[in-house]
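Structure file start.tsv with TSV, C-alpha atoms:
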```
chain	number	residue	atom	x	y	z
X	1	MET	CA	-12.37	4.21	-15.89
X	2	GLU	CA	-9.93	3.21	-18.60
X	3	VAL	CA	-6.56	1.87	-17.44
X	4	GLU	CA	-4.48	4.58	-19.13
X	5	LYS	CA	-6.63	7.33	-17.65
X	6	ALA	CA	-6.45	5.74	-14.18
X	7	ILE	CA	-2.64	5.56	-14.37
X	8	ARG	CA	-2.28	9.15	-15.55
X	9	THR	CA	-4.78	10.67	-13.09
X	10	ARG	CA	-4.06	8.77	-9.85
X	11	ARG	CA	-2.46	11.07	-7.28
X	12	THR	CA	-1.11	10.80	-3.77
X	13	HIS	CA	-3.62	12.25	-1.32
X	14	LYS	CA	-2.86	13.07	2.28
X	15	ALA	CA	-6.18	14.64	3.23
X	16	PHE	CA	-9.31	12.51	3.43
X	17	GLY	CA	-12.94	12.64	4.41
X	18	ALA	CA	-13.90	10.96	7.68
X	19	ARG	CA	-15.85	7.98	6.31
X	20	ALA	CA	-14.07	4.61	6.23
X	21	VAL	CA	-14.03	2.60	3.00
X	22	ASP	CA	-16.77	-0.04	3.02
X	23	ARG	CA	-15.63	-3.62	3.51
X	24	ALA	CA	-17.29	-4.69	0.25
X	25	VAL	CA	-15.26	-2.10	-1.65
X	26	LEU	CA	-12.07	-3.18	0.13
X	27	ASP	CA	-12.78	-6.78	-0.86
X	28	GLU	CA	-13.15	-5.65	-4.49
X	29	LEU	CA	-9.77	-3.90	-4.29
X	30	PHE	CA	-8.06	-6.93	-2.75
X	31	GLU	CA	-9.65	-9.21	-5.34
X	32	LEU	CA	-8.08	-7.14	-8.10
X	33	ALA	CA	-4.73	-7.07	-6.29
X	34	ARG	CA	-4.68	-10.88	-6.40
X	35	TRP	CA	-4.15	-10.59	-10.16
X	36	ALA	CA	-0.71	-9.02	-9.77
X	37	PRO	CA	1.94	-11.02	-11.59
X	38	ASN	CA	3.88	-13.32	-9.28
X	39	HIS	CA	6.56	-15.85	-10.13
X	40	HIS	CA	5.43	-19.46	-9.53
X	41	LEU	CA	2.00	-18.14	-8.46
X	42	THR	CA	3.10	-17.83	-4.84
X	43	ASN	CA	0.49	-15.18	-3.98
X	44	PRO	CA	2.88	-13.60	-1.46
X	45	TRP	CA	0.85	-10.52	-0.53
X	46	ARG	CA	-0.97	-10.15	2.74
X	47	PHE	CA	-3.37	-7.31	3.52
X	48	ARG	CA	-4.44	-6.32	7.03
X	49	VAL	CA	-7.17	-3.72	7.43
X	50	LEU	CA	-6.52	-1.92	10.69
X	51	GLY	CA	-9.54	-1.72	12.94
X	52	PRO	CA	-9.98	0.83	15.74
X	53	ARG	CA	-8.23	-1.21	18.48
X	54	THR	CA	-5.23	-2.08	16.32
X	55	ARG	CA	-4.97	1.50	15.17
X	56	GLU	CA	-5.03	2.83	18.73
X	57	ARG	CA	-2.26	0.43	19.72
X	58	LEU	CA	-0.15	1.51	16.73
X	59	LEU	CA	-0.80	5.17	17.54
X	60	ALA	CA	0.40	4.68	21.11
X	61	LEU	CA	3.50	2.86	19.92
X	62	ALA	CA	4.21	5.53	17.31
X	63	GLU	CA	4.38	8.18	20.03
X	64	VAL	CA	6.83	6.06	22.03
X	65	VAL	CA	9.05	5.29	19.02
X	66	GLN	CA	9.03	8.76	17.46
X	67	ALA	CA	7.15	11.67	19.04
X	68	GLY	CA	4.78	13.31	16.59
X	69	SER	CA	4.69	10.41	14.14
X	70	ALA	CA	1.20	9.29	15.20
X	71	VAL	CA	-0.30	12.26	13.34
X	72	LYS	CA	0.44	10.57	10.02
X	73	LEU	CA	-1.38	7.41	11.13
X	74	GLN	CA	-4.53	9.50	11.61
X	75	ARG	CA	-4.68	10.99	8.11
X	76	ALA	CA	-7.01	8.46	6.48
X	77	PRO	CA	-10.10	6.70	7.77
X	78	THR	CA	-8.91	3.35	6.35
X	79	LEU	CA	-5.40	1.95	6.78
X	80	VAL	CA	-4.19	-1.27	5.20
X	81	ALA	CA	-0.88	-2.88	6.15
X	82	VAL	CA	0.70	-4.71	3.21
X	83	THR	CA	3.27	-7.43	3.72
X	84	ALA	CA	5.06	-10.00	1.57
X	85	GLN	CA	5.29	-13.62	2.65
X	86	ARG	CA	8.88	-14.92	2.39
X	87	SER	CA	9.81	-18.45	1.37
X	88	GLY	CA	13.43	-18.42	2.50
X	89	ASP	CA	14.77	-18.61	-1.05
X	90	PRO	CA	16.49	-15.25	-1.74
X	91	GLY	CA	15.58	-15.17	-5.43
X	92	GLN	CA	11.95	-16.07	-4.83
X	93	ASP	CA	11.73	-13.66	-1.90
X	94	ARG	CA	12.88	-10.78	-4.13
X	95	GLU	CA	10.31	-11.75	-6.76
X	96	ASP	CA	7.62	-11.94	-4.09
X	97	LEU	CA	8.51	-8.58	-2.55
X	98	LEU	CA	8.26	-6.91	-5.96
X	99	ALA	CA	5.02	-8.75	-6.77
X	100	THR	CA	3.57	-7.51	-3.47
X	101	ALA	CA	4.53	-3.95	-4.38
X	102	VAL	CA	2.63	-4.37	-7.65
X	103	ALA	CA	-0.38	-5.73	-5.75
X	104	ALA	CA	-0.29	-2.71	-3.42
X	105	TYR	CA	-0.24	-0.38	-6.42
X	106	LEU	CA	-3.19	-2.24	-7.93
X	107	VAL	CA	-5.16	-1.51	-4.74
X	108	LEU	CA	-4.37	2.21	-5.11
X	109	LEU	CA	-5.21	2.23	-8.81
X	110	ALA	CA	-8.48	0.34	-8.32
X	111	ALA	CA	-9.40	2.65	-5.41
X	112	HIS	CA	-8.79	5.66	-7.65
X	113	ALA	CA	-10.97	4.15	-10.38
X	114	ARG	CA	-13.76	4.01	-7.78
X	115	GLY	CA	-13.35	7.68	-6.86
X	116	LEU	CA	-11.34	7.06	-3.71
X	117	ALA	CA	-8.13	8.77	-2.68
X	118	GLY	CA	-5.08	7.00	-1.41
X	119	TYR	CA	-1.40	6.91	-0.83
X	120	TRP	CA	1.31	4.44	0.02
X	121	ARG	CA	3.77	5.04	2.80
X	122	THR	CA	6.59	2.88	4.07
X	123	VAL	CA	6.51	2.95	7.84
X	124	ALA	CA	9.48	2.04	10.06
X	125	LEU	CA	6.98	1.25	12.80
X	126	LEU	CA	6.08	-1.93	10.90
X	127	GLU	CA	9.71	-3.07	11.13
X	128	ASP	CA	9.77	-2.56	14.90
X	129	ARG	CA	9.26	-5.78	16.89
X	130	ARG	CA	6.37	-4.18	18.81
X	131	GLY	CA	4.67	-2.94	15.64
X	132	ARG	CA	5.01	-6.39	14.07
X	133	GLU	CA	3.45	-7.89	17.19
X	134	ILE	CA	0.50	-5.48	17.10
X	135	LEU	CA	-0.20	-6.48	13.49
X	136	GLY	CA	0.37	-10.17	14.13
X	137	LEU	CA	3.12	-10.43	11.52
X	138	ALA	CA	4.83	-13.77	11.17
X	139	GLU	CA	8.63	-13.93	11.14
X	140	THR	CA	8.33	-14.83	7.46
X	141	GLU	CA	6.57	-11.59	6.52
X	142	THR	CA	8.27	-8.46	5.21
X	143	PRO	CA	6.37	-5.19	5.67
X	144	VAL	CA	5.89	-3.34	2.39
X	145	GLY	CA	3.94	-0.37	3.70
X	146	LEU	CA	0.66	1.16	4.73
X	147	LEU	CA	-2.03	2.10	2.24
X	148	TYR	CA	-4.09	5.11	3.29
X	149	LEU	CA	-7.57	5.09	1.74
X	150	GLY	CA	-10.66	7.28	1.91
X	151	SER	CA	-12.67	9.92	0.12
X	152	PRO	CA	-10.70	12.79	-1.42
X	153	VAL	CA	-11.26	16.26	0.01
X	154	GLN	CA	-9.16	18.21	-2.49
X	155	GLU	CA	-7.79	18.05	-6.01
X	156	GLN	CA	-4.14	17.21	-6.42
X	157	ARG	CA	-1.86	18.95	-8.90
X	158	VAL	CA	-0.38	17.01	-11.79
X	159	PRO	CA	3.29	16.54	-10.96
X	160	GLU	CA	5.97	16.92	-13.59
X	161	ARG	CA	7.57	13.73	-14.77
X	162	ALA	CA	11.09	13.18	-16.05
X	163	PRO	CA	11.28	13.22	-19.85
X	164	LEU	CA	11.18	9.77	-21.43
X	165	ALA	CA	14.72	10.20	-22.77
X	166	GLU	CA	16.00	10.47	-19.17
X	167	VAL	CA	14.53	7.16	-18.04
X	168	VAL	CA	14.61	4.93	-21.11
X	169	THR	CA	17.63	3.50	-22.90
X	170	TYR	CA	17.37	1.31	-25.97
X	171	LEU	CA	20.28	-1.09	-26.17
X	172	GLU	CA	21.62	-2.70	-29.34
```

This structure in structure tokens:
Amino acid sequence: MEVEKAIRTRRTHKAFGARAVDRAVLDELFELARWAPNHHLTNPWRFRVLGPRTRERLLALAEVVQAGSAVKLQRAPTLVAVTAQRSGDPGQDREDLLATAVAAYLVLLAAHARGLAGYWRTVALLEDRRGREILGLAETETPVGLLYLGSPVQEQRVPERAPLAEVVTYLE
């Protein structure tokens, strides 16, 4: 799939088929994500594919933290926690957080190019001490979100976008 087409046709999906994404495909997605631009080549992104035990623990915690929130964790057959490794330098940490967001988007874009559906969700549960513990996050990691991946089960509508004139300013 051409890059421009992939960008224009990728959609957020919240309904998926039951089959998990194959590990080989996930590795292809993560390999592409490694090419995200990052200042000083810090490679700050970390990806954790949630297996059944980890997922069950997160589901149980989700019900304790916020009743009913576990339903969202069950939407996709494959969940990937994305975090950014911090250095302790505020400027570099900001660069690395943004670079990790780009890497996460590259995973979604590459998944779409392979016919998969996906969406990105920030999850407060990953900020909770207990959620961090379940995922084995180091103190130096900042959660960026969860990527939900799987096979699409429906077409998504093309959302309207703000006109270019509303989002772009050319300065003299």

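Put simply, CA of Arg86 in chain X is 7.1 Å away from CA of Thr142 in chain X.
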
Take every atom of range 76-90 of chain X listed in the file, fit an axis-aligned box around them, add 3 Å per side, and give the centre and edge lengths in Å to one decimal as JSON.
```
{"center_x": 3.2, "center_y": -5.1, "center_z": 3.0, "size_x": 32.6, "size_y": 33.1, "size_z": 15.5}
```

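Coordinates place CA of Gly118 in chain X at a distance of 6.0 Å from CA of Thr12 in chain X.
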
(message) Which residues are near range 26-36 of chain X? Cut-off 7 Å, all atoms listed in the file, ignore same chain within fewer than 5 positions. Put them as a ChimeraX atom specification.
(response) /X:21,99,102-104,106-107,110-111

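Distances from X:Leu149, X:Val144, X:Leu108, X:Ala67 to Thr9 in chain X were compared using all atoms listed in the file, and the smallest one belongs to X:Leu108.
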
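CA of Ile7 in chain X sits 15.8 Å away from CA of Ala162 in chain X.
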
(request) Would you list the contacts of Asp93 in chain X as a count of residues only, taking every protein, DNA or RNA residue within 12 Å and counting all atoms listed in the file, but skipping same-chain residues closer than 2 positions in sequence? (result) 25

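Nearest to Arg75 in chain X of all the residues X:Arg48, X:Arg23, X:Arg121, X:Arg11 is X:Arg121, counting all atoms listed in the file.
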
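Counting all atoms listed in the file, the residue from X:Leu73, X:Val65, X:Leu79, X:Ala117 that sits nearest to Ser151 in chain X is X:Ala117.
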
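Nearest residue to Thr78 in chain X, choosing from X:Glu155, X:Glu139, X:Glu166, X:Asp22 and counting all atoms listed in the file: X:Asp22.
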
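Nearest to Gly145 in chain X of all the residues X:Arg114, X:Arg130, X:Arg46, X:Arg94 is X:Arg46, based on only C-alpha atoms.
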
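Compared by their closest atoms to Phe16 in chain X, and using all atoms listed in the file, the residues X:Val123, X:Leu116, X:Ala138, X:Leu59 rank with X:Leu116 nearest.
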
(request) Write out as number ranges by chain the residues lying within 12 Å of Arg53 in chain X, counting only C-alpha atoms and excluding same-chain residues fewer than 5 positions away. (result) X: 58-60, 134-135

Expected file for range 50-62 of chain X keeping all heavy atoms, as a short mmCIF file (atom, residue, chain, number, x, y, z; two decimals), in the first residue's frame:
```cif
data_model
loop_
_atom_site.label_atom_id
_atom_site.label_comp_id
_atom_site.auth_asym_id
_atom_site.auth_seq_id
_atom_site.Cartn_x
_atom_site.Cartn_y
_atom_site.Cartn_z
N LEU X 50 0.74 -7.94 25.38
CA LEU X 50 0.11 -8.52 26.57
C LEU X 50 -0.39 -9.93 26.30
O LEU X 50 -1.26 -10.13 25.45
CB LEU X 50 -1.07 -7.64 27.03
CG LEU X 50 -0.72 -6.40 27.85
CD1 LEU X 50 0.26 -5.50 27.15
CD2 LEU X 50 -1.96 -5.66 28.23
N GLY X 51 0.18 -10.86 27.00
CA GLY X 51 -0.26 -12.25 26.91
C GLY X 51 -1.48 -12.48 27.79
O GLY X 51 -1.92 -11.57 28.51
N PRO X 52 -2.04 -13.69 27.76
CA PRO X 52 -3.28 -13.98 28.49
C PRO X 52 -3.20 -13.72 29.99
O PRO X 52 -4.12 -13.15 30.58
CB PRO X 52 -3.53 -15.46 28.21
CG PRO X 52 -2.71 -15.80 27.04
CD PRO X 52 -1.57 -14.84 26.99
N ARG X 53 -2.11 -14.11 30.65
CA ARG X 53 -1.99 -13.90 32.11
C ARG X 53 -1.93 -12.43 32.46
O ARG X 53 -2.60 -11.96 33.38
CB ARG X 53 -0.75 -14.63 32.64
CG ARG X 53 -1.08 -15.96 33.24
CD ARG X 53 0.05 -16.63 33.99
NE ARG X 53 1.02 -15.73 34.60
CZ ARG X 53 2.33 -15.93 34.58
NH1 ARG X 53 2.83 -16.98 33.98
NH2 ARG X 53 3.15 -15.09 35.17
N THR X 54 -1.11 -11.68 31.72
CA THR X 54 -0.98 -10.24 31.97
C THR X 54 -2.31 -9.55 31.73
O THR X 54 -2.74 -8.69 32.50
CB THR X 54 0.11 -9.64 31.07
OG1 THR X 54 1.35 -10.31 31.35
CG2 THR X 54 0.26 -8.15 31.29
N ARG X 55 -2.97 -9.95 30.68
CA ARG X 55 -4.27 -9.35 30.35
C ARG X 55 -5.30 -9.61 31.44
O ARG X 55 -6.05 -8.71 31.82
CB ARG X 55 -4.72 -9.92 29.01
CG ARG X 55 -5.61 -9.04 28.27
CD ARG X 55 -5.74 -9.62 26.89
NE ARG X 55 -6.82 -8.95 26.24
CZ ARG X 55 -6.85 -8.68 24.96
NH1 ARG X 55 -5.86 -9.02 24.20
NH2 ARG X 55 -7.87 -8.07 24.45
N GLU X 56 -5.34 -10.82 31.94
CA GLU X 56 -6.28 -11.16 33.02
C GLU X 56 -6.00 -10.34 34.27
O GLU X 56 -6.93 -9.86 34.93
CB GLU X 56 -6.22 -12.66 33.35
CG GLU X 56 -6.89 -13.54 32.31
CD GLU X 56 -8.36 -13.21 32.12
OE1 GLU X 56 -9.08 -12.96 33.12
OE2 GLU X 56 -8.80 -13.19 30.95
N ARG X 57 -4.73 -10.15 34.58
CA ARG X 57 -4.38 -9.33 35.75
C ARG X 57 -4.80 -7.88 35.55
O ARG X 57 -5.31 -7.25 36.47
CB ARG X 57 -2.87 -9.43 36.02
CG ARG X 57 -2.45 -10.81 36.51
CD ARG X 57 -0.96 -10.90 36.74
NE ARG X 57 -0.57 -10.02 37.85
CZ ARG X 57 0.65 -9.53 38.01
NH1 ARG X 57 1.60 -9.82 37.13
NH2 ARG X 57 0.92 -8.74 39.03
N LEU X 58 -4.60 -7.35 34.35
CA LEU X 58 -5.03 -5.98 34.06
C LEU X 58 -6.55 -5.86 34.10
O LEU X 58 -7.08 -4.86 34.59
CB LEU X 58 -4.52 -5.53 32.69
CG LEU X 58 -3.18 -4.84 32.64
CD1 LEU X 58 -2.87 -4.38 31.23
CD2 LEU X 58 -3.06 -3.69 33.61
N LEU X 59 -7.23 -6.86 33.58
CA LEU X 59 -8.70 -6.85 33.61
C LEU X 59 -9.21 -6.81 35.05
O LEU X 59 -10.13 -6.05 35.36
CB LEU X 59 -9.26 -8.09 32.89
CG LEU X 59 -9.19 -8.09 31.38
CD1 LEU X 59 -9.49 -9.47 30.83
CD2 LEU X 59 -10.15 -7.07 30.81
N ALA X 60 -8.63 -7.62 35.91
CA ALA X 60 -9.04 -7.64 37.31
C ALA X 60 -8.78 -6.29 37.97
O ALA X 60 -9.63 -5.78 38.71
CB ALA X 60 -8.31 -8.76 38.06
N LEU X 61 -7.63 -5.71 37.69
CA LEU X 61 -7.31 -4.40 38.25
C LEU X 61 -8.24 -3.33 37.71
O LEU X 61 -8.69 -2.46 38.46
CB LEU X 61 -5.85 -4.02 37.96
CG LEU X 61 -5.42 -2.64 38.45
CD1 LEU X 61 -5.57 -2.53 39.97
CD2 LEU X 61 -3.99 -2.36 38.01
N ALA X 62 -8.57 -3.40 36.44
CA ALA X 62 -9.46 -2.41 35.83
C ALA X 62 -10.80 -2.38 36.55
O ALA X 62 -11.36 -1.31 36.77
CB ALA X 62 -9.66 -2.71 34.35
#
```
